[in-house]
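Just target21.cif here, mmCIF, C-alpha atoms; chains and numbers go by the auth columns:
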```cif
data_structure
loop_
_atom_site.group_PDB
_atom_site.id
_atom_site.type_symbol
_atom_site.label_atom_id
_atom_site.label_comp_id
_atom_site.label_asym_id
_atom_site.label_seq_id
_atom_site.Cartn_x
_atom_site.Cartn_y
_atom_site.Cartn_z
_atom_site.B_iso_or_equiv
_atom_site.auth_seq_id
_atom_site.auth_asym_id
ATOM 1 C CA MET A 1 108.083 22.659 65.464 0.00 34 F
ATOM 2 C CA ALA A 2 104.766 21.028 66.366 0.00 35 F
ATOM 3 C CA GLN A 3 106.139 17.482 66.727 0.00 36 F
ATOM 4 C CA ALA A 4 109.487 17.792 68.437 0.00 37 F
ATOM 5 C CA ASN A 5 110.405 14.101 68.625 0.00 38 F
ATOM 6 C CA ARG A 6 110.227 13.173 64.956 0.00 39 F
ATOM 7 C CA PRO A 7 113.309 11.380 63.618 0.00 40 F
ATOM 8 C CA LEU A 8 115.726 13.656 61.809 0.00 41 F
ATOM 9 C CA SER A 9 117.734 12.968 58.680 0.00 42 F
ATOM 10 C CA PRO A 10 121.499 12.587 59.256 0.00 43 F
ATOM 11 C CA HIS A 11 123.081 15.980 59.781 0.00 44 F
ATOM 12 C CA LEU A 12 126.555 17.535 60.064 0.00 45 F
ATOM 13 C CA GLY A 13 127.834 15.219 62.811 0.00 46 F
ATOM 14 C CA ILE A 14 127.608 12.023 60.781 0.00 47 F
ATOM 15 C CA TYR A 15 129.317 12.924 57.518 0.00 48 F
ATOM 16 C CA ARG A 16 133.044 12.873 56.781 0.00 49 F
ATOM 17 C CA TRP A 17 134.457 16.367 56.314 0.00 50 F
ATOM 18 C CA GLN A 18 135.517 17.007 52.745 0.00 51 F
ATOM 19 C CA VAL A 19 136.711 19.868 50.579 0.00 52 F
ATOM 20 C CA SER A 20 133.216 20.487 49.235 0.00 53 F
ATOM 21 C CA ASN A 21 131.359 20.990 52.514 0.00 54 F
ATOM 22 C CA THR A 22 134.277 22.751 54.233 0.00 55 F
ATOM 23 C CA LEU A 23 134.556 25.341 51.462 0.00 56 F
ATOM 24 C CA SER A 24 130.782 25.788 51.379 0.00 57 F
ATOM 25 C CA ILE A 25 130.726 26.516 55.124 0.00 58 F
ATOM 26 C CA LEU A 26 133.743 28.828 54.768 0.00 59 F
ATOM 27 C CA HIS A 27 131.966 30.672 51.947 0.00 60 F
ATOM 28 C CA ARG A 28 129.033 31.465 54.212 0.00 61 F
ATOM 29 C CA MET A 29 131.246 32.359 57.173 0.00 62 F
ATOM 30 C CA SER A 30 133.495 34.612 55.083 0.00 63 F
ATOM 31 C CA GLY A 31 130.377 36.280 53.657 0.00 64 F
ATOM 32 C CA MET A 32 129.029 37.051 57.120 0.00 65 F
ATOM 33 C CA PHE A 33 132.458 38.281 58.218 0.00 66 F
ATOM 34 C CA LEU A 34 132.641 40.512 55.130 0.00 67 F
ATOM 35 C CA THR A 35 129.344 42.135 56.150 0.00 68 F
ATOM 36 C CA LEU A 36 131.229 43.352 59.230 0.00 69 F
ATOM 37 C CA GLY A 37 133.956 44.473 56.814 0.00 70 F
ATOM 38 C CA ALA A 38 131.344 46.526 54.942 0.00 71 F
ATOM 39 C CA LEU A 39 130.671 48.261 58.253 0.00 72 F
ATOM 40 C CA VAL A 40 134.372 49.159 58.500 0.00 73 F
ATOM 41 C CA LEU A 41 134.450 50.318 54.862 0.00 74 F
ATOM 42 C CA THR A 42 131.484 52.577 55.698 0.00 75 F
ATOM 43 C CA ALA A 43 133.243 53.818 58.849 0.00 76 F
ATOM 44 C CA TRP A 44 136.354 54.557 56.772 0.00 77 F
ATOM 45 C CA LEU A 45 134.374 56.662 54.260 0.00 78 F
ATOM 46 C CA VAL A 46 132.392 58.462 56.987 0.00 79 F
ATOM 47 C CA ALA A 47 135.542 59.168 59.007 0.00 80 F
ATOM 48 C CA ALA A 48 137.349 60.532 55.935 0.00 81 F
ATOM 49 C CA ALA A 49 134.385 62.820 55.202 0.00 82 F
ATOM 50 C CA SER A 50 134.155 63.944 58.852 0.00 83 F
ATOM 51 C CA GLY A 51 137.653 65.410 59.025 0.00 84 F
ATOM 52 C CA ALA A 52 141.225 64.691 60.036 0.00 85 F
ATOM 53 C CA SER A 53 140.530 64.118 63.747 0.00 86 F
ATOM 54 C CA SER A 54 137.791 61.530 63.109 0.00 87 F
ATOM 55 C CA TYR A 55 140.031 59.826 60.559 0.00 88 F
ATOM 56 C CA GLY A 56 142.886 59.784 63.060 0.00 89 F
ATOM 57 C CA ALA A 57 140.644 58.176 65.677 0.00 90 F
ATOM 58 C CA LEU A 58 139.664 55.412 63.239 0.00 91 F
ATOM 59 C CA LEU A 59 143.334 54.873 62.345 0.00 92 F
ATOM 60 C CA VAL A 60 144.195 54.354 66.029 0.00 93 F
ATOM 61 C CA VAL A 61 141.661 51.498 66.159 0.00 94 F
ATOM 62 C CA LEU A 62 142.668 49.967 62.818 0.00 95 F
ATOM 63 C CA LYS A 63 146.410 50.234 63.475 0.00 96 F
ATOM 64 C CA SER A 64 146.182 48.434 66.814 0.00 97 F
ATOM 65 C CA PRO A 65 147.337 44.790 66.722 0.00 98 F
ATOM 66 C CA LEU A 66 143.732 43.577 66.938 0.00 99 F
ATOM 67 C CA GLY A 67 142.727 46.029 64.200 0.00 100 F
ATOM 68 C CA MET A 68 145.517 44.849 61.904 0.00 101 F
ATOM 69 C CA LEU A 69 144.564 41.222 62.563 0.00 102 F
ATOM 70 C CA ALA A 70 140.953 42.027 61.669 0.00 103 F
ATOM 71 C CA LEU A 71 142.056 43.828 58.485 0.00 104 F
ATOM 72 C CA PHE A 72 144.167 40.821 57.534 0.00 105 F
ATOM 73 C CA GLY A 73 141.155 38.577 58.198 0.00 106 F
ATOM 74 C CA TRP A 74 138.918 40.763 56.022 0.00 107 F
ATOM 75 C CA SER A 75 141.412 40.711 53.157 0.00 108 F
ATOM 76 C CA LEU A 76 141.655 36.908 53.332 0.00 109 F
ATOM 77 C CA ALA A 77 137.847 36.586 53.599 0.00 110 F
ATOM 78 C CA PHE A 78 137.476 38.964 50.639 0.00 111 F
ATOM 79 C CA PHE A 79 139.860 37.072 48.361 0.00 112 F
ATOM 80 C CA TYR A 80 138.442 33.690 49.405 0.00 113 F
ATOM 81 C CA HIS A 81 134.827 34.784 48.921 0.00 114 F
ATOM 82 C CA LEU A 82 135.829 36.280 45.554 0.00 115 F
ATOM 83 C CA CYS A 83 137.602 33.133 44.283 0.00 116 F
ATOM 84 C CA ASN A 84 134.984 30.730 45.614 0.00 117 F
ATOM 85 C CA GLY A 85 132.205 33.028 44.369 0.00 118 F
ATOM 86 C CA ILE A 86 133.630 32.831 40.833 0.00 119 F
ATOM 87 C CA ARG A 87 133.587 29.034 41.308 0.00 120 F
ATOM 88 C CA HIS A 88 129.885 29.229 42.202 0.00 121 F
ATOM 89 C CA LEU A 89 129.152 31.437 39.178 0.00 122 F
ATOM 90 C CA CYS A 90 130.912 28.875 36.947 0.00 123 F
ATOM 91 C CA TRP A 91 128.734 26.101 38.387 0.00 124 F
ATOM 92 C CA ASP A 92 125.633 28.219 37.732 0.00 125 F
ATOM 93 C CA ALA A 93 126.783 28.469 34.109 0.00 126 F
ATOM 94 C CA GLY A 94 127.230 24.679 34.018 0.00 127 F
ATOM 95 C CA TRP A 95 131.039 24.567 34.056 0.00 128 F
ATOM 96 C CA GLY A 96 133.019 22.234 36.303 0.00 129 F
ATOM 97 C CA PHE A 97 129.980 20.790 38.045 0.00 130 F
ATOM 98 C CA THR A 98 131.500 17.365 38.653 0.00 131 F
ATOM 99 C CA ILE A 99 132.998 15.829 41.790 0.00 132 F
ATOM 100 C CA PRO A 100 136.650 15.773 40.567 0.00 133 F
ATOM 101 C CA GLY A 101 136.128 19.179 38.960 0.00 134 F
ATOM 102 C CA SER A 102 134.788 20.764 42.148 0.00 135 F
ATOM 103 C CA ARG A 103 137.642 19.292 44.209 0.00 136 F
ATOM 104 C CA ALA A 104 140.224 20.720 41.812 0.00 137 F
ATOM 105 C CA THR A 105 138.592 24.161 41.585 0.00 138 F
ATOM 106 C CA GLY A 106 138.070 24.164 45.366 0.00 139 F
ATOM 107 C CA TRP A 107 141.767 23.750 46.064 0.00 140 F
ATOM 108 C CA THR A 108 142.538 26.254 43.287 0.00 141 F
ATOM 109 C CA ALA A 109 140.252 28.796 44.980 0.00 142 F
ATOM 110 C CA VAL A 110 141.909 28.289 48.386 0.00 143 F
ATOM 111 C CA ILE A 111 145.463 28.547 47.030 0.00 144 F
ATOM 112 C CA THR A 112 144.646 31.546 44.818 0.00 145 F
ATOM 113 C CA ALA A 113 142.966 33.337 47.737 0.00 146 F
ATOM 114 C CA CYS A 114 145.995 32.801 50.010 0.00 147 F
ATOM 115 C CA ALA A 115 148.385 33.935 47.261 0.00 148 F
ATOM 116 C CA LEU A 116 146.339 37.088 46.497 0.00 149 F
ATOM 117 C CA THR A 117 146.156 37.946 50.209 0.00 150 F
ATOM 118 C CA LEU A 118 149.925 37.577 50.511 0.00 151 F
ATOM 119 C CA VAL A 119 150.589 39.733 47.428 0.00 152 F
ATOM 120 C CA PHE A 120 148.077 42.342 48.644 0.00 153 F
ATOM 121 C CA TRP A 121 149.803 42.757 52.022 0.00 154 F
ATOM 122 C CA VAL A 122 153.292 42.779 50.534 0.00 155 F
ATOM 123 C CA VAL A 123 152.240 45.628 48.220 0.00 156 F
ATOM 124 C CA VAL A 124 150.429 47.521 51.015 0.00 157 F
ATOM 125 C CA LEU A 125 153.226 47.219 53.584 0.00 158 F
ATOM 126 C CA THR A 126 156.084 47.974 51.202 0.00 159 F
ATOM 127 C CA GLY A 127 154.171 50.792 49.471 0.00 160 F
ATOM 128 C CA SER A 128 152.911 53.303 52.021 0.00 161 F
ATOM 129 C CA GLY A 129 154.642 51.825 55.068 0.00 162 F
ATOM 130 C CA SER A 130 151.797 51.356 57.558 0.00 163 F
ATOM 131 C CA MET B 1 81.490 28.725 34.372 0.00 220 C
ATOM 132 C CA ARG B 2 85.103 29.837 34.143 0.00 221 C
ATOM 133 C CA PHE B 3 87.207 28.745 31.225 0.00 222 C
ATOM 134 C CA ARG B 4 90.435 30.285 32.458 0.00 223 C
ATOM 135 C CA SER B 5 93.161 27.762 33.108 0.00 224 C
ATOM 136 C CA PRO B 6 94.813 27.813 36.531 0.00 225 C
ATOM 137 C CA LEU B 7 98.065 27.806 34.547 0.00 226 C
ATOM 138 C CA ARG B 8 97.652 31.564 34.184 0.00 227 C
ATOM 139 C CA GLN B 9 98.250 31.938 37.912 0.00 228 C
ATOM 140 C CA ALA B 10 101.108 29.470 38.009 0.00 229 C
ATOM 141 C CA ILE B 11 103.429 30.787 35.314 0.00 230 C
ATOM 142 C CA GLY B 12 106.475 32.381 36.854 0.00 231 C
ATOM 143 C CA LEU B 13 105.281 31.514 40.343 0.00 232 C
ATOM 144 C CA GLY B 14 106.415 28.236 41.812 0.00 233 C
ATOM 145 C CA SER B 15 105.116 27.036 45.136 0.00 234 C
ATOM 146 C CA ALA B 16 107.377 29.568 46.819 0.00 235 C
ATOM 147 C CA LYS B 17 105.754 32.494 44.868 0.00 236 C
ATOM 148 C CA TYR B 18 109.064 34.342 44.662 0.00 237 C
ATOM 149 C CA GLY B 19 112.757 33.559 44.619 0.00 238 C
ATOM 150 C CA PHE B 20 113.993 34.219 41.113 0.00 239 C
ATOM 151 C CA GLU B 21 114.596 37.892 41.864 0.00 240 C
ATOM 152 C CA HIS B 22 116.719 36.960 44.860 0.00 241 C
ATOM 153 C CA TRP B 23 118.673 34.323 42.914 0.00 242 C
ATOM 154 C CA TRP B 24 119.330 36.577 39.941 0.00 243 C
ATOM 155 C CA GLY B 25 120.082 39.633 42.080 0.00 244 C
ATOM 156 C CA GLN B 26 122.636 37.659 44.055 0.00 245 C
ATOM 157 C CA ARG B 27 124.432 36.432 40.911 0.00 246 C
ATOM 158 C CA LEU B 28 124.327 39.792 39.157 0.00 247 C
ATOM 159 C CA SER B 29 125.679 41.647 42.189 0.00 248 C
ATOM 160 C CA ALA B 30 128.316 38.918 42.636 0.00 249 C
ATOM 161 C CA ALA B 31 129.556 39.485 39.084 0.00 250 C
ATOM 162 C CA GLY B 32 129.581 43.252 39.647 0.00 251 C
ATOM 163 C CA LEU B 33 131.429 42.864 42.936 0.00 252 C
ATOM 164 C CA ALA B 34 134.073 40.625 41.377 0.00 253 C
ATOM 165 C CA LEU B 35 134.993 43.563 39.121 0.00 254 C
ATOM 166 C CA LEU B 36 134.475 46.420 41.599 0.00 255 C
ATOM 167 C CA GLY B 37 136.083 44.517 44.470 0.00 256 C
ATOM 168 C CA LEU B 38 139.180 43.700 42.443 0.00 257 C
ATOM 169 C CA TRP B 39 139.402 47.321 41.308 0.00 258 C
ATOM 170 C CA PHE B 40 139.200 48.466 44.954 0.00 259 C
ATOM 171 C CA ALA B 41 141.756 45.922 46.201 0.00 260 C
ATOM 172 C CA VAL B 42 144.236 46.875 43.483 0.00 261 C
ATOM 173 C CA SER B 43 143.813 50.654 43.629 0.00 262 C
ATOM 174 C CA ILE B 44 143.712 50.940 47.452 0.00 263 C
ATOM 175 C CA THR B 45 147.309 49.696 47.554 0.00 264 C
ATOM 176 C CA GLY B 46 148.363 52.875 45.737 0.00 265 C
ATOM 177 C CA VAL B 47 146.913 55.217 48.386 0.00 266 C
ATOM 178 C CA ASP B 48 148.747 56.422 51.504 0.00 267 C
ATOM 179 C CA LEU B 49 146.063 55.294 53.955 0.00 268 C
ATOM 180 C CA LEU B 50 147.694 57.061 56.904 0.00 269 C
ATOM 181 C CA ASP B 51 147.385 60.504 55.268 0.00 270 C
ATOM 182 C CA HIS B 52 143.869 61.924 55.688 0.00 271 C
ATOM 183 C CA ALA B 53 144.283 64.573 52.977 0.00 272 C
ATOM 184 C CA ALA B 54 145.581 62.015 50.463 0.00 273 C
ATOM 185 C CA VAL B 55 142.758 59.578 51.267 0.00 274 C
ATOM 186 C CA SER B 56 140.093 62.295 50.991 0.00 275 C
ATOM 187 C CA ALA B 57 141.484 63.509 47.675 0.00 276 C
ATOM 188 C CA TRP B 58 141.591 59.942 46.368 0.00 277 C
ATOM 189 C CA ILE B 59 137.962 59.238 47.360 0.00 278 C
ATOM 190 C CA ALA B 60 136.823 62.544 45.872 0.00 279 C
ATOM 191 C CA SER B 61 138.638 62.323 42.540 0.00 280 C
ATOM 192 C CA MET B 62 136.515 61.540 39.545 0.00 281 C
ATOM 193 C CA PRO B 63 136.687 57.903 38.551 0.00 282 C
ATOM 194 C CA HIS B 64 137.136 56.792 42.182 0.00 283 C
ATOM 195 C CA ALA B 65 134.060 58.547 43.564 0.00 284 C
ATOM 196 C CA ILE B 66 131.738 56.942 41.000 0.00 285 C
ATOM 197 C CA LEU B 67 133.322 53.493 41.330 0.00 286 C
ATOM 198 C CA LEU B 68 133.190 53.728 45.143 0.00 287 C
ATOM 199 C CA ILE B 69 129.466 54.565 45.067 0.00 288 C
ATOM 200 C CA LEU B 70 128.873 51.604 42.741 0.00 289 C
ATOM 201 C CA LEU B 71 130.992 49.388 45.007 0.00 290 C
ATOM 202 C CA VAL B 72 129.190 50.400 48.208 0.00 291 C
ATOM 203 C CA ALA B 73 125.717 50.057 46.668 0.00 292 C
ATOM 204 C CA THR B 74 126.451 46.656 45.093 0.00 293 C
ATOM 205 C CA LEU B 75 128.278 45.376 48.174 0.00 294 C
ATOM 206 C CA LEU B 76 125.497 46.284 50.594 0.00 295 C
ATOM 207 C CA TYR B 77 122.793 44.909 48.284 0.00 296 C
ATOM 208 C CA HIS B 78 124.713 41.616 47.985 0.00 297 C
ATOM 209 C CA SER B 79 125.402 41.581 51.718 0.00 298 C
ATOM 210 C CA ASN B 80 121.726 42.131 52.546 0.00 299 C
ATOM 211 C CA LEU B 81 120.714 39.223 50.277 0.00 300 C
ATOM 212 C CA GLY B 82 123.307 36.958 51.894 0.00 301 C
ATOM 213 C CA ILE B 83 122.409 37.893 55.463 0.00 302 C
ATOM 214 C CA ASN B 84 118.723 37.296 54.643 0.00 303 C
ATOM 215 C CA VAL B 85 119.509 33.720 53.546 0.00 304 C
ATOM 216 C CA VAL B 86 121.462 33.090 56.747 0.00 305 C
ATOM 217 C CA LEU B 87 118.637 34.483 58.891 0.00 306 C
ATOM 218 C CA GLU B 88 116.042 32.431 57.009 0.00 307 C
ATOM 219 C CA ASP B 89 118.137 29.311 57.608 0.00 308 C
ATOM 220 C CA TYR B 90 118.790 29.715 61.321 0.00 309 C
ATOM 221 C CA VAL B 91 115.999 31.858 62.808 0.00 310 C
ATOM 222 C CA HIS B 92 113.010 29.537 63.094 0.00 311 C
ATOM 223 C CA ASP B 93 110.653 31.713 65.114 0.00 312 C
ATOM 224 C CA GLY B 94 108.416 33.638 62.696 0.00 313 C
ATOM 225 C CA GLY B 95 108.289 36.851 64.710 0.00 314 C
ATOM 226 C CA LYS B 96 112.015 36.897 65.380 0.00 315 C
ATOM 227 C CA LEU B 97 112.698 36.184 61.698 0.00 316 C
ATOM 228 C CA VAL B 98 110.596 39.129 60.540 0.00 317 C
ATOM 229 C CA ALA B 99 112.223 41.382 63.140 0.00 318 C
ATOM 230 C CA SER B 100 115.746 40.324 62.201 0.00 319 C
ATOM 231 C CA LEU B 101 115.067 40.664 58.450 0.00 320 C
ATOM 232 C CA ALA B 102 113.733 44.166 59.087 0.00 321 C
ATOM 233 C CA ALA B 103 116.747 45.053 61.246 0.00 322 C
ATOM 234 C CA ALA B 104 119.141 43.726 58.581 0.00 323 C
ATOM 235 C CA ARG B 105 117.447 45.863 55.928 0.00 324 C
ATOM 236 C CA PHE B 106 117.501 48.995 58.132 0.00 325 C
ATOM 237 C CA ILE B 107 121.204 48.534 58.931 0.00 326 C
ATOM 238 C CA HIS B 108 122.166 47.927 55.298 0.00 327 C
ATOM 239 C CA VAL B 109 120.223 50.910 53.994 0.00 328 C
ATOM 240 C CA ALA B 110 121.670 53.102 56.760 0.00 329 C
ATOM 241 C CA MET B 111 125.211 51.988 55.884 0.00 330 C
ATOM 242 C CA ALA B 112 124.609 52.629 52.174 0.00 331 C
ATOM 243 C CA VAL B 113 123.235 56.130 52.795 0.00 332 C
ATOM 244 C CA ALA B 114 126.071 57.014 55.205 0.00 333 C
ATOM 245 C CA ALA B 115 128.776 55.735 52.850 0.00 334 C
ATOM 246 C CA ILE B 116 127.365 57.304 49.679 0.00 335 C
ATOM 247 C CA TYR B 117 126.667 60.610 51.446 0.00 336 C
ATOM 248 C CA SER B 118 130.294 60.676 52.641 0.00 337 C
ATOM 249 C CA ILE B 119 131.650 60.050 49.143 0.00 338 C
ATOM 250 C CA VAL B 120 129.423 62.775 47.676 0.00 339 C
ATOM 251 C CA LYS B 121 130.341 65.191 50.484 0.00 340 C
ATOM 252 C CA LEU B 122 134.056 64.700 49.825 0.00 341 C
ATOM 253 C CA SER B 123 133.532 64.985 46.069 0.00 342 C
ATOM 254 C CA LEU B 124 131.643 68.277 46.321 0.00 343 C
ATOM 255 C CA GLY B 125 133.938 69.703 48.982 0.00 344 C
ATOM 256 C CA VAL B 126 137.262 68.872 47.400 0.00 345 C
ATOM 257 C CA GLN B 127 137.780 70.251 43.923 0.00 346 C
ATOM 258 C CA ALA B 128 139.475 67.376 42.165 0.00 347 C
#
```
Go ahead and express the file in the form of structure tokens.
Amino acid sequence: MAQANRPLSPHLGIYRWQVSNTLSILHRMSGMFLTLGALVLTAWLVAAASGASSYGALLVVLKSPLGMLALFGWSLAFFYHLCNGIRHLCWDAGWGFTIPGSRATGWTAVITACALTLVFWVVVLTGSGS
Amino acid sequence: MRFRSPLRQAIGLGSAKYGFEHWWGQRLSAAGLALLGLWFAVSITGVDLLDHAAVSAWIASMPHAILLILLVATLLYHSNLGINVVLEDYVHDGGKLVASLAAARFIHVAMAVAAIYSIVKLSLGVQA
């Protein structure tokens, strides 16, 4: 940061938004959000090991409307990060690393993630009735 | 006079000196998490999450306890790698970067110890 006034290369503001950059940004954001989810997973395990009253207190938070919204968000972030992560692993292996290929797999990842999230919540809510 | 080639010092070390470990660790943990995460997402739907006794018994029972420890360890390792990349990208002040990387490591290790200890505690306490 020695010379503050140097010209900069074009950055986010100048490019057209596309599937590729949107999904890349969403991958990072969902990853950061899932780190918060790891905190809740840890809290869930610690509360279960601490006894029924601690577990009940955690359930009060998670069953609140905001808690349920957050849980829904974590499930969507999980399935998206999973599907898009598999896409990244395929690229690392050299598969589908073309512009049409990445567009097709990008949309596939988004649709699959939404479908898995939907199926997950249908099974959860019809199963144990929370 | 030295006859050793500088190549000796360069092999395996690019200008960044490290990086492969991070890259490979991220991919390997990603592959592990794809399996463990899917297992968790599928099997958690079969547990009555509102019933503390049922949840505790599920965590403690044999295949689940081991898979949960693997899941937590892999997840927090992968998470720490990812958070490090984000910090390295957006925190430009050297001192703040070192402090935030250290804090991220402390928090991740603390979460891993707390989670794994809880799983082991339930497993040893509940005979299942």
Problem set entry | Expansion of the PyMOL selection byres ((chain C) within 7 of (chain F)) into residues, as a ChimeraX atom specification | /C:253,264,267,271,275,298,302,330,333-334,337-338,340-341
Exercise. Between F:His44, F:Arg39, F:His60, F:Arg49, which has the minimum distance to F:Asn117 (counting only C-alpha atoms)?
Worked result: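 The answer is F:His60, which sits nearest to F:Asn117.
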Problem set entry | Neighbour list for C:Ser248 as an NGL selection string, cut-off 6 Å, only C-alpha atoms, skip fewer than 4 positions in-chain | :C and (244 or 252 or 293 or 297)
Exercise. By how many Å are atom CA of C:Ala331 and atom CA of C:Val317 apart?
Worked result: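 Between atom CA of C:Ala331 and atom CA of C:Val317 the gap is 21.2 Å.
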Around stretch 272-276 of chain C, with edges along x, y and z and 6 Å added on all six sides, what centre and edge lengths do you get, in Å to one decimal, as AutoDock Vina command-line options?
```
--center_x 142.8 --center_y 62.1 --center_z 50.3 --size_x 17.5 --size_y 17.0 --size_z 17.3
```
Exercise. In Å, with one decimal, what is the gap from atom CA of F:Thr138 to atom CA of F:Leu102?
Worked result: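 So the answer is 27.7 Å.
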For this session: For atom CA of C:Ala273 and atom CA of C:Gly344, determine how far apart the two atoms are, in Å to one decimal place.
Result: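 Pair atom CA of C:Ala273 / atom CA of C:Gly344 returns 14.0 Å.
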Could you write out as a compact mmCIF listing (two decimals) with C-alpha atoms, in the coordinates of the input the residues that the PyMOL selection byres ((chain C and resi 304) around 12) matches in the shown file?
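Everything below was put into result-v2.txt:
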```
# COMPACT_ATOMS: atom_id res chain seq x y z
CA ARG F 61 129.03 31.46 54.21
CA GLY F 64 130.38 36.28 53.66
CA MET F 65 129.03 37.05 57.12
CA GLY C 238 112.76 33.56 44.62
CA HIS C 241 116.72 36.96 44.86
CA TRP C 242 118.67 34.32 42.91
CA GLN C 245 122.64 37.66 44.06
CA HIS C 297 124.71 41.62 47.98
CA SER C 298 125.40 41.58 51.72
CA ASN C 299 121.73 42.13 52.55
CA LEU C 300 120.71 39.22 50.28
CA GLY C 301 123.31 36.96 51.89
CA ILE C 302 122.41 37.89 55.46
CA ASN C 303 118.72 37.30 54.64
CA VAL C 305 121.46 33.09 56.75
CA LEU C 306 118.64 34.48 58.89
CA GLU C 307 116.04 32.43 57.01
CA ASP C 308 118.14 29.31 57.61
CA TYR C 309 118.79 29.72 61.32
CA VAL C 310 116.00 31.86 62.81
CA LEU C 316 112.70 36.18 61.70
CA SER C 319 115.75 40.32 62.20
CA LEU C 320 115.07 40.66 58.45
CA ALA C 323 119.14 43.73 58.58
```
Exercise. In terms of the shortest atom-to-atom distance over all atoms listed in the file, which of F:Thr55, F:Trp50, F:Tyr113, F:Arg120 is closest to F:Ser135?
Worked result: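 Ranked by minimum distance to F:Ser135, first place goes to F:Arg120.
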